[in-house]
Amino acid sequence: MAYTEEELKKELETKEYEYGFYTAIESDTFPKGLNEGIVRAISKKKNEPQWMTDWRLEAFRIWEKMEEPDWANVHYEKPDFQAISYYSAPKKDPNRSLDDVDPELLAMYKKLGISVDEQKKLQNVAVDIVVDSVSVATTFKKTLGEKGIIFMPISEAIQEHPELVKKYMGTVVPKTDNFYAALNSAVFTDGSFCYIPKGVRCPMELSTYFRINEGGTGQFERTLVIADESSYVSYLEGCTAPSRDENQLHAAVVELIALDNAEIKYSTVQNWYPGNKEGKGGVYNFVTKRGLCENNSKISWTQVETGSAVTWKYPSCILKGNNSVGEFYSIAVTNNFQQADTGTKMIHLGKNTKSTIISKGISAGKSQNSYRGLVQIGSRAENARNFSQCDSLLMGNECGAHTFPYIEVKNKTAQIEHEATTSKIGEDQIFYCNQRGINTEKAIALIVNGFSKEVLNKLPMEFAVEAQKLLEISLEGSVG
Amino acid sequence: MLKISDLHARVDDKEILKGINLEVKAGEVHAIMGPNGSGKSTLAAVIAGKEEFEVTKGSVSLDGENLEDSAPEERAHKGIFLSFQYPVEIPGVSVTNFMKTAINESRKARGLEDMPANKMLKLIREKSELLEIDRKFLSRSLNEGFSGGEKKRNEIFQMAMLEPKLAILDETDSGLDIDALRIVANGVNKLKSKDNAVIVITHYQRLLEYIVPDFVHVIHDGKIVKSGGKELALELEEKGYDWLKQETVV
Amino acid sequence: MDLKDKLVSSFLAFEDKVDVHNPVHDIRSEAMKTFEAKGFPSKKEEAWKYTSLNTLQKIDFSIFPKEENALEYNDVKKYFLHEIDSYKIVFIDGIYSSYLSETTHDGVDICLMSAALTKPMYKQVIDVYFNKIASKDDSLTSLNTAFSREGAYIYIPKNKMPKKPVEILHLATGNEAALMLQPRSLVIVEENAELQVIERHQSITGNEVLTNSVTEIFAAKNAIVDYYKVQNDADTASLIDNTYINQKDKSVVNVHTFSFGGKLTRNNLNFYQNGEYVDSTMKGVTIIGEKQHVDHHTLVHHIEPNCESHQDYKGIYGENATGVFNGKIIVDKIAQKTNAFQQNNNILVSDKATINTKPQLEIFADDVKCSHGCTIGQLDEDALFYLQSRGIPKKEARALLMYAFANNVLASVRIPELKVRINKLIAKKLGVNLGFDL
């Protein structure tokens with residue numbers, strides 16, 4: 001998806017959130033509010049088996065007793081959970097064949113820059129697209145099927161592969177885990193399911209594109225990725241939403257399971273609507289992402305977070321198996337009134353486990369950007385290693401950068417290194433670039449790119465370009 | 001080419017340049033010498049348009065065009081190049097990427113298309129050989145962890161890439177051992193032509209053995225107190241700056 | 001009756017002994033209300049996540065000691081830095097011992113809090129400084145404020161410097177089965193003045209002691225304060241130390257904390273940089289074993305521009321010991337050109353030891369240099385091998401390396417005799433026989 005300088009320039013000129021369009025698709029939306037009836041209705045709408053309905057109801061009862069957490073370094077008006085509609089689906093029955101897809105939807109994909117049939121031809125990426133509550137199209141299903149790879153909406157997986165879903169769902173992020181995870185467990189409407197069989201290297205990137213379209217709705221998707229023994233998969237996730245004055249809630253759960261010798265690479269480019277310049281509107285992004293590593297396995301999280309009004313997100317790894325590896329590479333950009341509290345947890349349980357954390361926070365405007373992380377070495381985790389680096393870049397004098405790393409070590413053989421720095425873009429750096437003929441705007445983009453490079457390098461090529469572009473757009477106008 | 005008339009500049013409340021007059025024509029090499037704190041580096045920065053310095057009087061013009069309202073990058077586009085005394089580090093940005101951006105920005109300003117990648121590569125190869133720069137060096141982050149010599153060589157490499165009309169070398173010799181000095185000077189000499197000009201700012205005569213100036217100017221307390229041919233540099237080397245200071249007092 | 005109830009009801013008895021018409025008493029009553037409302041902190045609170053006061057609260061502490069507990073100088077000499085001459089403010093079971101003390105009013109005031117709080121001549125200073133920088137929200141600080149009556153009072157006027165360092169020694173005799181102490185000290189160092197203080201809490205016997213101490217330190221323009229805390233108490237003694245430091249323009253305050261002993265030690269060290277070009281340094285060495293628990297909570301609040309702070313904490317944890325380090329740096333929006341550095345390095349030498357560390361930055365200004373680094377690891381194997389190859393047995397080599405690890409924090413100790421003392425303490429703690437004095 002190479003784009004030219006010219007395109008970039010045009011985009012820089014428009015300054016506004018470019019994914020802020022709303023597509024008028026006829027949709028089937030539930031009344032607002034949440035109770036047992038709604039949970040049952042969602043389950044019924046999805047034609048779910050009884051075990052799934054029970055699972056949801058149990059989660060709902062747990063959620064009812066929980067309180068919304070307030071320990072994160074973010075301040076916002078708590079969502080009214082009774083003012084949200086928990087189900088919204090494009091009305092025409094989601095078709096599996098692209099030819100039957102609502103033309104309005106196809107037009108929307110084009111706007112998203114992920115035109116489905118084009119992707120099919122040009123790129124080796126299989127896409128699942130979730131609009132509001134429902135998965136609307138999954139590509140490449142057949143090619144993948146030949147290798148025994150299952151890649152489908154989770155709602156379908158519940159029907160077609162109940163044994164896998166039953167076995168793994170909720171094992172990494174239990175219903176009781178936290179307020180939003182419990183809520184998601186009760187009301188999730190769709191999401192992606194992926195299973196890579198033993199010994200299979202997934203031949204292409206798997207990708208899910210999430211889109212909140214309808215107003216007054218929340219999006220609660222659930223993703224479950226299982227990499228069976230000695231398999232490999234690289235998974236991409238992208239998100240956008242229309243520009244709306246209201247705050248929309250997105251509470252997703254992602255569970256990754258890497259069995260012995262397996263590897264999962266999970267990359268996210270999160271660009272939910274961040275709200276306008278005055279801080280009105282924007283998505284509340286409260287997400288629970290966690291992976292479980294068995295022996296000799298590896299889970300790598302890479303995220304570029306540029307969107308959302310409020311982000312609360314800690315993609316984590318439970319390094320249960322011996323010799324397992326967890327990685328977290330993150331760029332979080334906040335501008336205007338955005339608030340992000342993001343980081344990771346690396347829980348070392350097995351022997352010889354290793355984790356790496358590289359976090360780059362960039363704050364501009366009046367935003368607040370926090371890194372919050374936990375590195376925990378259990379008493380039996382012999383020879384655990386962790387390296388963490390958290391760098392913050394501040395642009396302007398009205399934003400904040402915060403670091404809250406928790407390190408808990410119960411084993412003497414552990415080796416932990418944590419470093420954090422805070423800096424700003426130097427006047428001398430800008431002048432140096434200016435002197436070489438590079439204007440200030442471009443110089444900042446260049447410097448920010450350099451600052452983020454360690455993380456950008458971890459993204460698959462297709463995403464790296466988009467991510468760089470996003471970085472520039474997100475910081476547009478942040479320096480006077 | 002460059003004309004500086006009665007230039008006064010200050011930083012905060014301190015006046016540093018107190019009436020500089022200087023004219024540099026195409027094909028010429030000028031050396032500006034003077035003791036520490038005399039205003040040499042300030043003059044270089046003011047020509048390049050650093051905003052920290054406020055021009056209170058006088059003007060700098062290039063090819064007859066007053067540069068007063070030109071931003072630093074516009075001056076660069078017009079062909080002014082400053083080799084920094086202390087080159088700045090930009091972590092994560094490779095020398096190659098930096099040069100690519102700089103060249104294409106300059107081209108854009110002149111209404112040209114981006115330089116095609118193959119041409120760019122060829123240019124980089126050519127110029128890095130001129131400065132005896134290892135290719136691996138080009139993929140390292142700009143000036144980060146560079147030795148003093150590497151930084152200076154990198155500055156002249158950039159000069160070679162950008163082919164400026166007027167190059168100002170601000171204390172390029174400081175921190176260079178004799179081999180590096182020879183390479184750098186050699187590079188500058190090869191880039192010299194009848195169409196461009198070089199201003200060499202230095203404290204010592206050493207560099208001028210390699211880059212031979214047509215004119216030597218001595219700055220003291222924000223003014224050019226003496227100008228002459230290349231023999232003036234030798235005289236300075238011998239006598240130091242004190243006799244000039246006394247002369248000005250008298 | 002639990003400890004909180006006991007303390008609350010004891011307050012009435014306490015009021016019988018103090019002048020309730022003194023304005024300070026309004027401050028006490030207010031603080032009591034805060035403590036009553038908040039009680040002892042629990043692990044649910046972020047600041048107490050890793051340190052539990054539950055078991056301490058189950059002990060039946062005496063709130064008021066028996067009066068007049070005499071000790072002979074020879075019995076306690078070793079707790080003083082007796083190699084040098086010093087002013088001494090000594091308390092035995094919380095009660096001032098004039099016999100062991102050496103105070104002064106010669107140009108400077110090095111004396112007692114009880115006098116400062118009651119005598120009219122000090123009223124002006126007390127009005128301006130007492131309980132001004134100490135937290136009014138913190139429950140344990142409030143508890144101390146409520147019972148504030150005795151402690152050290154030091155006032156160094158403009159351009160003065162006492163002839164010798166001041167030693168503040170809190171001794172506990174063990175005459176009670178379990179005793180709670182709440183010393184309250186106030187240190188004021190005026191413009192261009194200088195002061196050195198060594199503070200120590202020491203229990204003589206194996207009876208339980210819980211000390212909840214509050215010290216307020218005010219450093220005026222250009223003042224220099226060196227404050228050394230020697231924490232090498234008996235393993236039945238617990239300490240909650242709350243120190244609040246207010247710094248004005250160009251002042252320099254260095255606090256060193258040496259934590260080798262005690263059952264549970266919690267240091268709340270708070271710096272407020274209320275001036276420009278302020279320099280704050282906090283250093284710590286912690287070497288503990290058995291079931292000891294040491295928790296360092298530091299706060300540096302950069303309020304004004306152009307200031308610096310330096311933190312360097314080293315810890316070695318053996319047996320079942322638990323270490324906590326929580327270093328918070330806040331840089332306010334206007335505090336441009338701040339340089340704030342923090343280092344926390346730890347070594348675990350036992351399978352059952354634990355370290356929890358949380359270096360924390362909250363930055364609201366952009367033109368700042370802030371960094372923190374933290375490591376948890378082992379001794380350098382190459383260095384160990386090098387020493388062994390020179391004939392030093394492994395055990396000694398290990399001890400020597402640990403000694404080197406901890407000892408480099410001492411470079412900034414400015415009282416040579418104290419440095420030697422701490423050196424020896426570290427060596428002893430680690431079982432190193434140096435064979436030479438450093």
# chains A, B, ... in the order shown; residues from 1 in each chain; ligands from 1
call {"tool": "residues_around", "arguments": {"residues": "segment 413-430 of chain A", "least_positions_apart": "4", "cutoff": "7 Å", "atoms": "only C-alpha atoms", "output": "NGL selection string"}}
result
(:A and (382-395 or 434 or 440 or 443)) or (:B and (88 or 90)) or (:C and (366-378))
call {"tool": "select_by_dssp", "arguments": {"residues": "segment 37-217 of chain B", "states": "helix (DSSP H, G or I)", "output": "ChimeraX atom specification"}}
result
/B:40-48,72-77,95-109,117-130,135-139,148-162,178-191,206-209
call {"tool": "interface_residues", "arguments": {"of": "chain B", "to": "chain A", "cutoff": "9 Å", "atoms": "only C-alpha atoms", "output": "ChimeraX atom specification"}}
result
/B:48-51,71-78,80-82,84,87-94,98-99,101-106,109,141,158,162
call {"tool": "atom_distance", "arguments": {"atom1": "atom CA of Asn457 of chain A", "atom2": "atom CA of Glu155 of chain B"}}
result
27.0 Å
call {"tool": "residues_around", "arguments": {"residues": "Asn408 of chain C", "least_positions_apart": "6", "cutoff": "10 Å", "atoms": "only C-alpha atoms", "output": "list in words"}}
result
Val285, Asp312 and Lys314 of chain C
call {"tool": "atom_distance", "arguments": {"atom1": "atom CA of Ser297 of chain A", "atom2": "atom CA of Tyr232 of chain A"}}
result
9.8 Å
call {"tool": "atom_distance", "arguments": {"atom1": "atom CA of Ala193 of chain C", "atom2": "atom CA of Asn242 of chain C"}}
result
23.7 Å
call {"tool": "residues_around", "arguments": {"residues": "segment 75-86 of chain A", "least_positions_apart": "3", "cutoff": "7 Å", "atoms": "only C-alpha atoms", "output": "VMD selection string"}}
result
chain A and resid 30 to 34 187 216 to 218
call {"tool": "write_last_selection", "arguments": {"atoms": "all heavy atoms", "output": "mmCIF file, in the first residue's frame"}}
result
data_model
loop_
_atom_site.group_PDB
_atom_site.id
_atom_site.type_symbol
_atom_site.label_atom_id
_atom_site.label_comp_id
_atom_site.auth_asym_id
_atom_site.auth_seq_id
_atom_site.Cartn_x
_atom_site.Cartn_y
_atom_site.Cartn_z
ATOM 1 N N PHE A 30 -30.535 -3.041 18.369
ATOM 2 C CA PHE A 30 -31.322 -3.335 19.573
ATOM 3 C C PHE A 30 -31.672 -2.053 20.313
ATOM 4 O O PHE A 30 -30.954 -1.060 20.210
ATOM 5 C CB PHE A 30 -30.485 -4.203 20.531
ATOM 6 C CG PHE A 30 -30.625 -5.671 20.298
ATOM 7 C CD1 PHE A 30 -31.020 -6.173 19.068
ATOM 8 C CD2 PHE A 30 -30.366 -6.573 21.332
ATOM 9 C CE1 PHE A 30 -31.129 -7.541 18.858
ATOM 10 C CE2 PHE A 30 -30.483 -7.932 21.123
ATOM 11 C CZ PHE A 30 -30.851 -8.420 19.893
ATOM 12 N N PRO A 31 -32.755 -2.075 21.096
ATOM 13 C CA PRO A 31 -33.005 -0.910 21.949
ATOM 14 C C PRO A 31 -31.873 -0.744 22.948
ATOM 15 O O PRO A 31 -31.162 -1.676 23.268
ATOM 16 C CB PRO A 31 -34.308 -1.264 22.659
ATOM 17 C CG PRO A 31 -34.443 -2.746 22.535
ATOM 18 C CD PRO A 31 -33.766 -3.116 21.255
ATOM 19 N N LYS A 32 -31.747 0.496 23.439
ATOM 20 C CA LYS A 32 -30.678 0.756 24.392
ATOM 21 C C LYS A 32 -30.918 0.051 25.716
ATOM 22 O O LYS A 32 -32.063 -0.208 26.071
ATOM 23 C CB LYS A 32 -30.556 2.260 24.628
ATOM 24 C CG LYS A 32 -29.955 2.940 23.423
ATOM 25 C CD LYS A 32 -29.903 4.431 23.565
ATOM 26 C CE LYS A 32 -29.282 4.986 22.282
ATOM 27 N NZ LYS A 32 -29.281 6.425 22.242
ATOM 28 N N GLY A 33 -29.859 -0.174 26.434
ATOM 29 C CA GLY A 33 -30.000 -0.740 27.768
ATOM 30 C C GLY A 33 -29.433 -2.136 27.866
ATOM 31 O O GLY A 33 -29.205 -2.805 26.856
ATOM 32 N N LEU A 34 -29.179 -2.544 29.108
ATOM 33 C CA LEU A 34 -28.592 -3.869 29.322
ATOM 34 C C LEU A 34 -29.275 -4.559 30.492
ATOM 35 O O LEU A 34 -29.391 -4.019 31.591
ATOM 36 C CB LEU A 34 -27.088 -3.721 29.601
ATOM 37 C CG LEU A 34 -26.319 -5.033 29.811
ATOM 38 C CD1 LEU A 34 -26.462 -5.957 28.624
ATOM 39 C CD2 LEU A 34 -24.846 -4.738 30.076
ATOM 40 N N VAL A 187 -21.883 -9.661 26.504
ATOM 41 C CA VAL A 187 -22.571 -9.060 25.352
ATOM 42 C C VAL A 187 -21.809 -9.095 24.035
ATOM 43 O O VAL A 187 -22.270 -8.521 23.054
ATOM 44 C CB VAL A 187 -22.960 -7.587 25.655
ATOM 45 C CG1 VAL A 187 -23.805 -7.503 26.916
ATOM 46 C CG2 VAL A 187 -21.729 -6.700 25.771
ATOM 47 N N GLY A 216 -24.660 5.630 18.965
ATOM 48 C CA GLY A 216 -25.331 5.123 20.159
ATOM 49 C C GLY A 216 -25.093 3.655 20.429
ATOM 50 O O GLY A 216 -25.781 3.038 21.235
ATOM 51 N N THR A 217 -24.129 3.080 19.753
ATOM 52 C CA THR A 217 -23.877 1.663 19.985
ATOM 53 C C THR A 217 -22.514 1.487 20.627
ATOM 54 O O THR A 217 -21.687 2.385 20.603
ATOM 55 C CB THR A 217 -23.857 0.870 18.656
ATOM 56 O OG1 THR A 217 -22.809 1.390 17.853
ATOM 57 C CG2 THR A 217 -25.166 0.982 17.937
ATOM 58 N N GLY A 218 -22.320 0.353 21.201
ATOM 59 C CA GLY A 218 -20.993 0.020 21.687
ATOM 60 C C GLY A 218 -20.482 -1.103 20.824
ATOM 61 O O GLY A 218 -21.260 -1.799 20.176
#
call {"tool": "residues_around", "arguments": {"residues": "Glu52 of chain B", "least_positions_apart": "2", "cutoff": "9 Å", "atoms": "only C-alpha atoms", "output": "list in words"}}
result
Arg10, Val11, Asp12, Val46, Gly49, Lys50 and Glu54 of chain B
call {"tool": "write_last_selection", "arguments": {"atoms": "N, CA, C and O atoms", "output": "mmCIF file, in the first residue's frame"}}
result
data_model
loop_
_atom_site.group_PDB
_atom_site.id
_atom_site.type_symbol
_atom_site.label_atom_id
_atom_site.label_comp_id
_atom_site.auth_asym_id
_atom_site.auth_seq_id
_atom_site.Cartn_x
_atom_site.Cartn_y
_atom_site.Cartn_z
ATOM 1 N N ARG B 10 22.100 40.073 17.991
ATOM 2 C CA ARG B 10 22.230 39.823 19.423
ATOM 3 C C ARG B 10 21.436 38.584 19.823
ATOM 4 O O ARG B 10 20.534 38.140 19.111
ATOM 5 N N VAL B 11 21.820 38.048 20.957
ATOM 6 C CA VAL B 11 21.060 36.952 21.532
ATOM 7 C C VAL B 11 20.677 37.410 22.935
ATOM 8 O O VAL B 11 21.513 37.949 23.667
ATOM 9 N N ASP B 12 19.404 37.229 23.256
ATOM 10 C CA ASP B 12 18.856 37.821 24.479
ATOM 11 C C ASP B 12 19.205 39.307 24.491
ATOM 12 O O ASP B 12 18.837 40.006 23.573
ATOM 13 N N VAL B 46 23.874 33.182 11.930
ATOM 14 C CA VAL B 46 23.017 34.256 11.422
ATOM 15 C C VAL B 46 22.857 34.135 9.905
ATOM 16 O O VAL B 46 21.766 34.309 9.373
ATOM 17 N N GLY B 49 20.404 31.606 9.308
ATOM 18 C CA GLY B 49 19.045 32.001 9.688
ATOM 19 C C GLY B 49 18.562 31.461 11.016
ATOM 20 O O GLY B 49 17.359 31.303 11.227
ATOM 21 N N LYS B 50 19.472 31.172 11.938
ATOM 22 C CA LYS B 50 19.029 30.656 13.235
ATOM 23 C C LYS B 50 18.248 31.733 13.980
ATOM 24 O O LYS B 50 18.716 32.860 14.142
ATOM 25 N N GLU B 54 18.902 37.645 16.935
ATOM 26 C CA GLU B 54 18.077 38.690 16.374
ATOM 27 C C GLU B 54 18.967 39.677 15.631
ATOM 28 O O GLU B 54 19.915 40.221 16.193
#
call {"tool": "select_by_dssp", "arguments": {"residues": "segment 261-423 of chain C", "states": "strand (DSSP E)", "output": "JSON, numbers by chain"}}
result
{"C": [264, 265, 266, 267, 268, 269, 270, 271, 272, 273, 279, 280, 281, 282, 283, 284, 285, 286, 287, 288, 293, 294, 295, 296, 297, 298, 299, 300, 301, 302, 308, 309, 310, 311, 312, 313, 314, 315, 316, 317, 322, 323, 324, 325, 326, 327, 328, 329, 330, 331, 339, 340, 341, 342, 343, 344, 345, 346, 347, 348, 354, 355, 356, 357, 358, 359, 360, 361, 362, 363, 369, 370, 371, 372, 373, 374, 375, 376, 377]}
call {"tool": "residues_around", "arguments": {"residues": "Gly396 of chain A", "least_positions_apart": "2", "cutoff": "7 Å", "atoms": "only C-alpha atoms", "output": "number ranges by chain"}}
result
A: 364-365, 394, 398-399, 479; C: 366
call {"tool": "residues_around", "arguments": {"residues": "Val254 of chain A", "least_positions_apart": "4", "cutoff": "7 Å", "atoms": "only C-alpha atoms", "output": "list in words"}}
result
Arg222, Thr223, Leu224, Thr288, Lys289 and Arg290 of chain A
call {"tool": "write_last_selection", "arguments": {"atoms": "C-alpha atoms", "output": "PDB file, in the first residue's frame"}}
result
ATOM      1  CA  ARG A 222     -14.011 -10.904  20.979  1.00  0.00           C
ATOM      2  CA  THR A 223     -11.022 -12.398  19.293  1.00  0.00           C
ATOM      3  CA  LEU A 224      -9.611 -15.815  19.968  1.00  0.00           C
ATOM      4  CA  THR A 288      -8.316  -6.579  27.577  1.00  0.00           C
ATOM      5  CA  LYS A 289      -5.699  -8.402  25.550  1.00  0.00           C
ATOM      6  CA  ARG A 290      -3.742 -11.285  26.885  1.00  0.00           C
TER       7      ARG A 290
END
call {"tool": "closest_residue", "arguments": {"among": "A:Thr176, A:Asn323, A:Ser234, A:Gln376", "to": "chain C", "atoms": "only C-alpha atoms"}}
result
A:Gln376
call {"tool": "closest_residue", "arguments": {"among": "C:Lys395, C:His82, C:Lys333, C:Lys328", "to": "Pro405 of chain A", "atoms": "only C-alpha atoms"}}
result
C:Lys328
